[in-house]
Amino acid sequence: MPQQPTPDAPLFTVTADALVAVDFGPRTRSRPPGPYRRLFARPGARAFTLGNLVARLPMGMFSVSAVVMIAGTRGSYALAGAVTATGLAATALVAPWTARLVDRYGQARVAVPATVLAALGSLALVLCVRFDAPAWTLFAAYAATATTPNTGGMSRARWAHLLKGDAASLHTANSFEQAADELCFMLGPVLAAFLCGVFFPEAGTLVGAVLLVTGVLVFAAQRSTEPPPAPHTHPTGKSPFRAPGMPALLAVCLAMGAVFGSTEVVTIAFADARGHRTAAGAVLALQAAGSCAAGLLYGRLRLSGAAEYRYPWCIAAMTTLLTLPLLAASLTGSLLVLSGALLISGMATAPTMITNMALVQQRTPDGRLNEGMTLAVTALLGGIACGSALGGWTVEHLSTTAGYGVPITAAAAALLIALAATP
C-alpha cells in the first residue's frame, strides 16, 4: 500500500535503487522580529507613541502658521518675525522650568495644564489677529505659548524608564524618536502652509492647538508607562546644567542649532533668488527626509564602544557632508542639484543628534531627565535663532552661495568643542 502523506510526516518512495523522502510540511521561515517590532511589542508603547506623535506634529506648524497669519493680515514680515522670535525667547526661559516640574510632579499632572495654557495663548493670538488688536498683544499672546511641554523629551523619558538596563533597545528607541522629530518638522510646515493657504490665515494655528491638546491628553492618559516622579531629588540633587560633561554637550547643541537655522534661511533665499521660493519648503523637506531615513537605519545597528567616542566622528561626518550644498550652489547654481546635496547632507543629522541625546541621558542626574533633555532642546532653539540671523546677514551682505559657509563653520565649531570635551 502506498503511504498517505500527512502534514507532519514525509512521504517515502523508491526511485531505482534510492529511497527518497518528500516532505509535505508547510514551508514557513521563522524570522526573529526586528528591533523596532520588538520595541513596540512592549505593553503601552504604541499608545503613548501615537499620542506623542499627534502632540509633536504642531511643533513644526506653529511658527510657520504665525508668520503666515500675521504677515497676511498685518502686511509685515518684520512684525511676524519679531513675534515668533519673542515666543522662541520665552520658550527658552520657561521650558526648563516646565520640564523641572514634570520631573518633580509627573508628566500627567504638569503636561496637561501646561498644554492648556499654551493652547489658550494660541487662541488669544488668533483673536488678536482677527480683531486687529494692538501689536503688543501679539507679542504677549505668543509668549504665553512658552508653557508648551517638551513632548519629545517626555517620550524619551518614558523609553528610558521602560528600557532601563537594555542599552541596545534604548538606542533603537532614541533613533526612532529622532526620526519622528525629523518627520514632524518635515510635515508640520507643509501642513501649516496648506491649511493657511486653502482655508483661512488662522487655520494653521487653530488646527495645531487642537492637535497639541488632543495628543497630550492621549499621551498623559497612558499612566502605565509614565516614569514615576522624583519629588525628593530636586532640592539636593545637582542641576543637569552642572553635571560633568553637560556644558560641552549644550555648547555643541547651540552650534548644531546654528547649522539648522542658517541652512533654512539660506536655502529659502537661494530658492527665492532663482524664482522658486514656493519650492523652498519641499527642498528643506528633502533634507529632513534624509535625516529621518538615516535615523531609522541607525537604530537597527548594533553599535559597540562608548557613545562619547562615536560623537566626534558623527559630527565630523556631518561637517564633511555639509560641504555638498556649498559645492552644489557654487558650481552649478541649480536648485535641483542643491536638493540632492541637501538630501545627502541630511543623512548625518540624525546619527549626530541620536548620539547627543544618548549622552544627555547618560549625564543627567537621576530624577531630572526631562529637565536635562529640555536644556538640550533650549540650546538648539537658541542656536537656530542665532544661525537664522547670521545666515540672513551673510545672504544680504555677501551672497546666497556664501551663506552655505555658515552651517559648515557652525558644524566645525561643534566638532572642535566635542573633540576638546572627549576624554
# chains A, B, ... in the order shown; residues from 1 in each chain; ligands from 1
call {"tool": "residues_around", "arguments": {"residues": "segment 40-46 of chain A", "least_positions_apart": "5", "cutoff": "10 Å", "atoms": "only C-alpha atoms", "output": "ChimeraX atom specification"}}
result
/A:33,35,51-52,155,158-159,162-163,173,222-226
call {"tool": "residues_around", "arguments": {"residues": "Arg74 of chain A", "least_positions_apart": "3", "cutoff": "12 Å", "atoms": "only C-alpha atoms", "output": "PDB file with N, CA, C and O atoms, in the first residue's frame"}}
result
ATOM      1  N   ALA A  66       2.084  81.163  12.411  1.00  0.00           N
ATOM      2  CA  ALA A  66       2.077  82.519  12.967  1.00  0.00           C
ATOM      3  C   ALA A  66       2.603  83.530  11.952  1.00  0.00           C
ATOM      4  O   ALA A  66       2.044  84.622  11.797  1.00  0.00           O
ATOM      5  N   VAL A  67       3.668  83.166  11.248  1.00  0.00           N
ATOM      6  CA  VAL A  67       4.239  84.081  10.259  1.00  0.00           C
ATOM      7  C   VAL A  67       3.236  84.343   9.141  1.00  0.00           C
ATOM      8  O   VAL A  67       3.000  85.493   8.743  1.00  0.00           O
ATOM      9  N   VAL A  68       2.633  83.279   8.615  1.00  0.00           N
ATOM     10  CA  VAL A  68       1.673  83.444   7.523  1.00  0.00           C
ATOM     11  C   VAL A  68       0.466  84.248   7.989  1.00  0.00           C
ATOM     12  O   VAL A  68      -0.024  85.149   7.286  1.00  0.00           O
ATOM     13  N   MET A  69      -0.012  83.951   9.196  1.00  0.00           N
ATOM     14  CA  MET A  69      -1.201  84.621   9.711  1.00  0.00           C
ATOM     15  C   MET A  69      -0.950  86.102   9.952  1.00  0.00           C
ATOM     16  O   MET A  69      -1.737  86.956   9.536  1.00  0.00           O
ATOM     17  N   ILE A  70       0.160  86.430  10.624  1.00  0.00           N
ATOM     18  CA  ILE A  70       0.440  87.828  10.964  1.00  0.00           C
ATOM     19  C   ILE A  70       0.825  88.627   9.724  1.00  0.00           C
ATOM     20  O   ILE A  70       0.327  89.736   9.491  1.00  0.00           O
ATOM     21  N   ALA A  71       1.707  88.060   8.901  1.00  0.00           N
ATOM     22  CA  ALA A  71       2.130  88.778   7.699  1.00  0.00           C
ATOM     23  C   ALA A  71       0.972  88.955   6.723  1.00  0.00           C
ATOM     24  O   ALA A  71       0.862  89.991   6.051  1.00  0.00           O
ATOM     25  N   TYR A  77       6.233  91.265   7.414  1.00  0.00           N
ATOM     26  CA  TYR A  77       7.044  90.115   7.798  1.00  0.00           C
ATOM     27  C   TYR A  77       7.960  90.457   8.971  1.00  0.00           C
ATOM     28  O   TYR A  77       8.320  89.583   9.756  1.00  0.00           O
ATOM     29  N   ALA A  78       8.338  91.732   9.085  1.00  0.00           N
ATOM     30  CA  ALA A  78       9.173  92.141  10.213  1.00  0.00           C
ATOM     31  C   ALA A  78       8.424  91.936  11.533  1.00  0.00           C
ATOM     32  O   ALA A  78       8.986  91.420  12.508  1.00  0.00           O
ATOM     33  N   LEU A  79       7.149  92.328  11.567  1.00  0.00           N
ATOM     34  CA  LEU A  79       6.348  92.123  12.771  1.00  0.00           C
ATOM     35  C   LEU A  79       6.165  90.631  13.043  1.00  0.00           C
ATOM     36  O   LEU A  79       6.292  90.184  14.191  1.00  0.00           O
ATOM     37  N   ALA A  80       5.877  89.860  11.999  1.00  0.00           N
ATOM     38  CA  ALA A  80       5.695  88.419  12.178  1.00  0.00           C
ATOM     39  C   ALA A  80       6.964  87.763  12.713  1.00  0.00           C
ATOM     40  O   ALA A  80       6.907  86.928  13.631  1.00  0.00           O
ATOM     41  N   CYS A 128      -6.490  88.089  18.633  1.00  0.00           N
ATOM     42  CA  CYS A 128      -5.844  89.401  18.481  1.00  0.00           C
ATOM     43  C   CYS A 128      -5.623  89.750  17.014  1.00  0.00           C
ATOM     44  O   CYS A 128      -5.795  90.900  16.595  1.00  0.00           O
ATOM     45  N   VAL A 129      -5.242  88.750  16.233  1.00  0.00           N
ATOM     46  CA  VAL A 129      -5.040  88.987  14.800  1.00  0.00           C
ATOM     47  C   VAL A 129      -6.377  89.234  14.106  1.00  0.00           C
ATOM     48  O   VAL A 129      -6.517  90.153  13.295  1.00  0.00           O
ATOM     49  N   ARG A 130      -7.369  88.430  14.443  1.00  0.00           N
ATOM     50  CA  ARG A 130      -8.664  88.522  13.789  1.00  0.00           C
ATOM     51  C   ARG A 130      -9.344  89.865  14.046  1.00  0.00           C
ATOM     52  O   ARG A 130      -9.951  90.463  13.149  1.00  0.00           O
ATOM     53  N   PHE A 131      -9.240  90.380  15.289  1.00  0.00           N
ATOM     54  CA  PHE A 131      -9.935  91.609  15.658  1.00  0.00           C
ATOM     55  C   PHE A 131      -9.011  92.833  15.665  1.00  0.00           C
ATOM     56  O   PHE A 131      -9.325  93.847  16.271  1.00  0.00           O
ATOM     57  N   ASP A 132      -7.844  92.703  14.990  1.00  0.00           N
ATOM     58  CA  ASP A 132      -6.944  93.830  14.770  1.00  0.00           C
ATOM     59  C   ASP A 132      -6.553  94.517  16.077  1.00  0.00           C
ATOM     60  O   ASP A 132      -6.592  95.750  16.203  1.00  0.00           O
ATOM     61  N   ALA A 133      -6.156  93.714  17.062  1.00  0.00           N
ATOM     62  CA  ALA A 133      -5.721  94.252  18.348  1.00  0.00           C
ATOM     63  C   ALA A 133      -4.359  94.921  18.184  1.00  0.00           C
ATOM     64  O   ALA A 133      -3.651  94.695  17.191  1.00  0.00           O
ATOM     65  N   PRO A 134      -3.942  95.760  19.138  1.00  0.00           N
ATOM     66  CA  PRO A 134      -2.631  96.409  19.045  1.00  0.00           C
ATOM     67  C   PRO A 134      -1.498  95.391  18.921  1.00  0.00           C
ATOM     68  O   PRO A 134      -1.618  94.245  19.385  1.00  0.00           O
ATOM     69  N   ALA A 135      -0.414  95.827  18.308  1.00  0.00           N
ATOM     70  CA  ALA A 135       0.686  94.906  18.020  1.00  0.00           C
ATOM     71  C   ALA A 135       1.258  94.265  19.280  1.00  0.00           C
ATOM     72  O   ALA A 135       1.664  93.091  19.266  1.00  0.00           O
ATOM     73  N   LEU A 138       0.010  90.848  20.325  1.00  0.00           N
ATOM     74  CA  LEU A 138       0.508  89.683  19.599  1.00  0.00           C
ATOM     75  C   LEU A 138       1.726  89.102  20.309  1.00  0.00           C
ATOM     76  O   LEU A 138       1.861  87.871  20.443  1.00  0.00           O
ATOM     77  N   PRO A 201      -6.244  82.333   7.112  1.00  0.00           N
ATOM     78  CA  PRO A 201      -4.913  82.501   7.709  1.00  0.00           C
ATOM     79  C   PRO A 201      -4.771  81.927   9.117  1.00  0.00           C
ATOM     80  O   PRO A 201      -3.665  81.528   9.514  1.00  0.00           O
TER      81      PRO A 201
END
call {"tool": "closest_residue", "arguments": {"among": "A:Leu375, A:Cys253, A:Val259, A:Ala411", "to": "Gly391 of chain A", "atoms": "only C-alpha atoms"}}
result
A:Val259
call {"tool": "atom_distance", "arguments": {"atom1": "atom CA of Ala119 of chain A", "atom2": "atom CA of Gly208 of chain A"}}
result
8.8 Å
call {"tool": "residues_around", "arguments": {"residues": "Met353 of chain A", "least_positions_apart": "3", "cutoff": "9 Å", "atoms": "only C-alpha atoms", "output": "ChimeraX atom specification"}}
result
/A:175,178,253,256,314,348-350,356-358
call {"tool": "write_last_selection", "arguments": {"atoms": "all heavy atoms", "output": "mmCIF file, in the first residue's frame"}}
result
data_model
loop_
_atom_site.group_PDB
_atom_site.id
_atom_site.type_symbol
_atom_site.label_atom_id
_atom_site.label_comp_id
_atom_site.auth_asym_id
_atom_site.auth_seq_id
_atom_site.Cartn_x
_atom_site.Cartn_y
_atom_site.Cartn_z
ATOM 1 N N SER A 175 16.712 56.385 18.385
ATOM 2 C CA SER A 175 16.773 56.554 16.928
ATOM 3 C C SER A 175 15.382 56.807 16.361
ATOM 4 O O SER A 175 15.192 57.673 15.502
ATOM 5 C CB SER A 175 17.385 55.307 16.283
ATOM 6 O OG SER A 175 18.700 55.083 16.753
ATOM 7 N N GLN A 178 14.291 60.400 17.192
ATOM 8 C CA GLN A 178 14.919 61.407 16.344
ATOM 9 C C GLN A 178 14.307 61.398 14.952
ATOM 10 O O GLN A 178 14.070 62.460 14.351
ATOM 11 C CB GLN A 178 16.430 61.156 16.248
ATOM 12 C CG GLN A 178 17.188 62.229 15.478
ATOM 13 C CD GLN A 178 17.043 63.600 16.102
ATOM 14 O OE1 GLN A 178 17.081 63.737 17.315
ATOM 15 N NE2 GLN A 178 16.894 64.625 15.273
ATOM 16 N N CYS A 253 25.109 71.572 21.149
ATOM 17 C CA CYS A 253 23.717 71.757 20.720
ATOM 18 C C CYS A 253 23.492 73.173 20.179
ATOM 19 O O CYS A 253 22.775 73.367 19.192
ATOM 20 C CB CYS A 253 22.763 71.492 21.879
ATOM 21 S SG CYS A 253 22.594 69.758 22.324
ATOM 22 N N MET A 256 24.988 73.204 16.797
ATOM 23 C CA MET A 256 24.170 72.415 15.876
ATOM 24 C C MET A 256 22.899 73.171 15.487
ATOM 25 O O MET A 256 22.447 73.111 14.340
ATOM 26 C CB MET A 256 23.800 71.087 16.534
ATOM 27 C CG MET A 256 24.984 70.182 16.812
ATOM 28 S SD MET A 256 25.712 69.522 15.321
ATOM 29 C CE MET A 256 24.409 68.441 14.804
ATOM 30 N N CYS A 314 30.601 61.352 14.341
ATOM 31 C CA CYS A 314 29.310 61.733 13.760
ATOM 32 C C CYS A 314 29.322 63.205 13.323
ATOM 33 O O CYS A 314 28.854 63.543 12.235
ATOM 34 C CB CYS A 314 28.198 61.499 14.774
ATOM 35 S SG CYS A 314 27.837 59.773 15.138
ATOM 36 N N ALA A 348 23.527 62.767 7.878
ATOM 37 C CA ALA A 348 24.409 62.759 9.050
ATOM 38 C C ALA A 348 23.761 63.425 10.257
ATOM 39 O O ALA A 348 24.290 63.338 11.361
ATOM 40 C CB ALA A 348 25.723 63.469 8.707
ATOM 41 N N THR A 349 22.627 64.076 10.061
ATOM 42 C CA THR A 349 22.000 64.820 11.154
ATOM 43 C C THR A 349 21.476 63.894 12.246
ATOM 44 O O THR A 349 21.774 64.063 13.434
ATOM 45 C CB THR A 349 20.853 65.690 10.626
ATOM 46 O OG1 THR A 349 21.366 66.609 9.658
ATOM 47 C CG2 THR A 349 20.207 66.464 11.756
ATOM 48 N N ALA A 350 20.653 62.916 11.858
ATOM 49 C CA ALA A 350 20.024 62.052 12.850
ATOM 50 C C ALA A 350 21.038 61.269 13.686
ATOM 51 O O ALA A 350 20.923 61.256 14.918
ATOM 52 C CB ALA A 350 19.037 61.107 12.170
ATOM 53 N N ASN A 356 23.923 62.540 20.573
ATOM 54 C CA ASN A 356 23.882 63.664 21.501
ATOM 55 C C ASN A 356 22.856 63.416 22.608
ATOM 56 O O ASN A 356 23.158 63.586 23.801
ATOM 57 C CB ASN A 356 23.538 64.941 20.730
ATOM 58 C CG ASN A 356 23.391 66.148 21.631
ATOM 59 O OD1 ASN A 356 22.356 66.355 22.247
ATOM 60 N ND2 ASN A 356 24.435 66.954 21.711
ATOM 61 N N MET A 357 21.644 63.004 22.231
ATOM 62 C CA MET A 357 20.604 62.773 23.230
ATOM 63 C C MET A 357 20.946 61.595 24.134
ATOM 64 O O MET A 357 20.587 61.589 25.322
ATOM 65 C CB MET A 357 19.256 62.549 22.549
ATOM 66 C CG MET A 357 18.649 63.813 21.969
ATOM 67 S SD MET A 357 18.387 65.084 23.248
ATOM 68 C CE MET A 357 17.684 66.415 22.281
ATOM 69 N N ALA A 358 21.627 60.600 23.592
ATOM 70 C CA ALA A 358 22.052 59.478 24.432
ATOM 71 C C ALA A 358 23.043 59.950 25.497
ATOM 72 O O ALA A 358 22.968 59.535 26.669
ATOM 73 C CB ALA A 358 22.678 58.384 23.563
#
call {"tool": "closest_residue", "arguments": {"among": "A:Leu101, A:Ala255, A:Ala95, A:Leu327", "to": "Ile384 of chain A", "atoms": "only C-alpha atoms"}}
result
A:Ala255
call {"tool": "atom_distance", "arguments": {"atom1": "atom CA of Pro228 of chain A", "atom2": "atom CA of Tyr298 of chain A"}}
result
29.5 Å
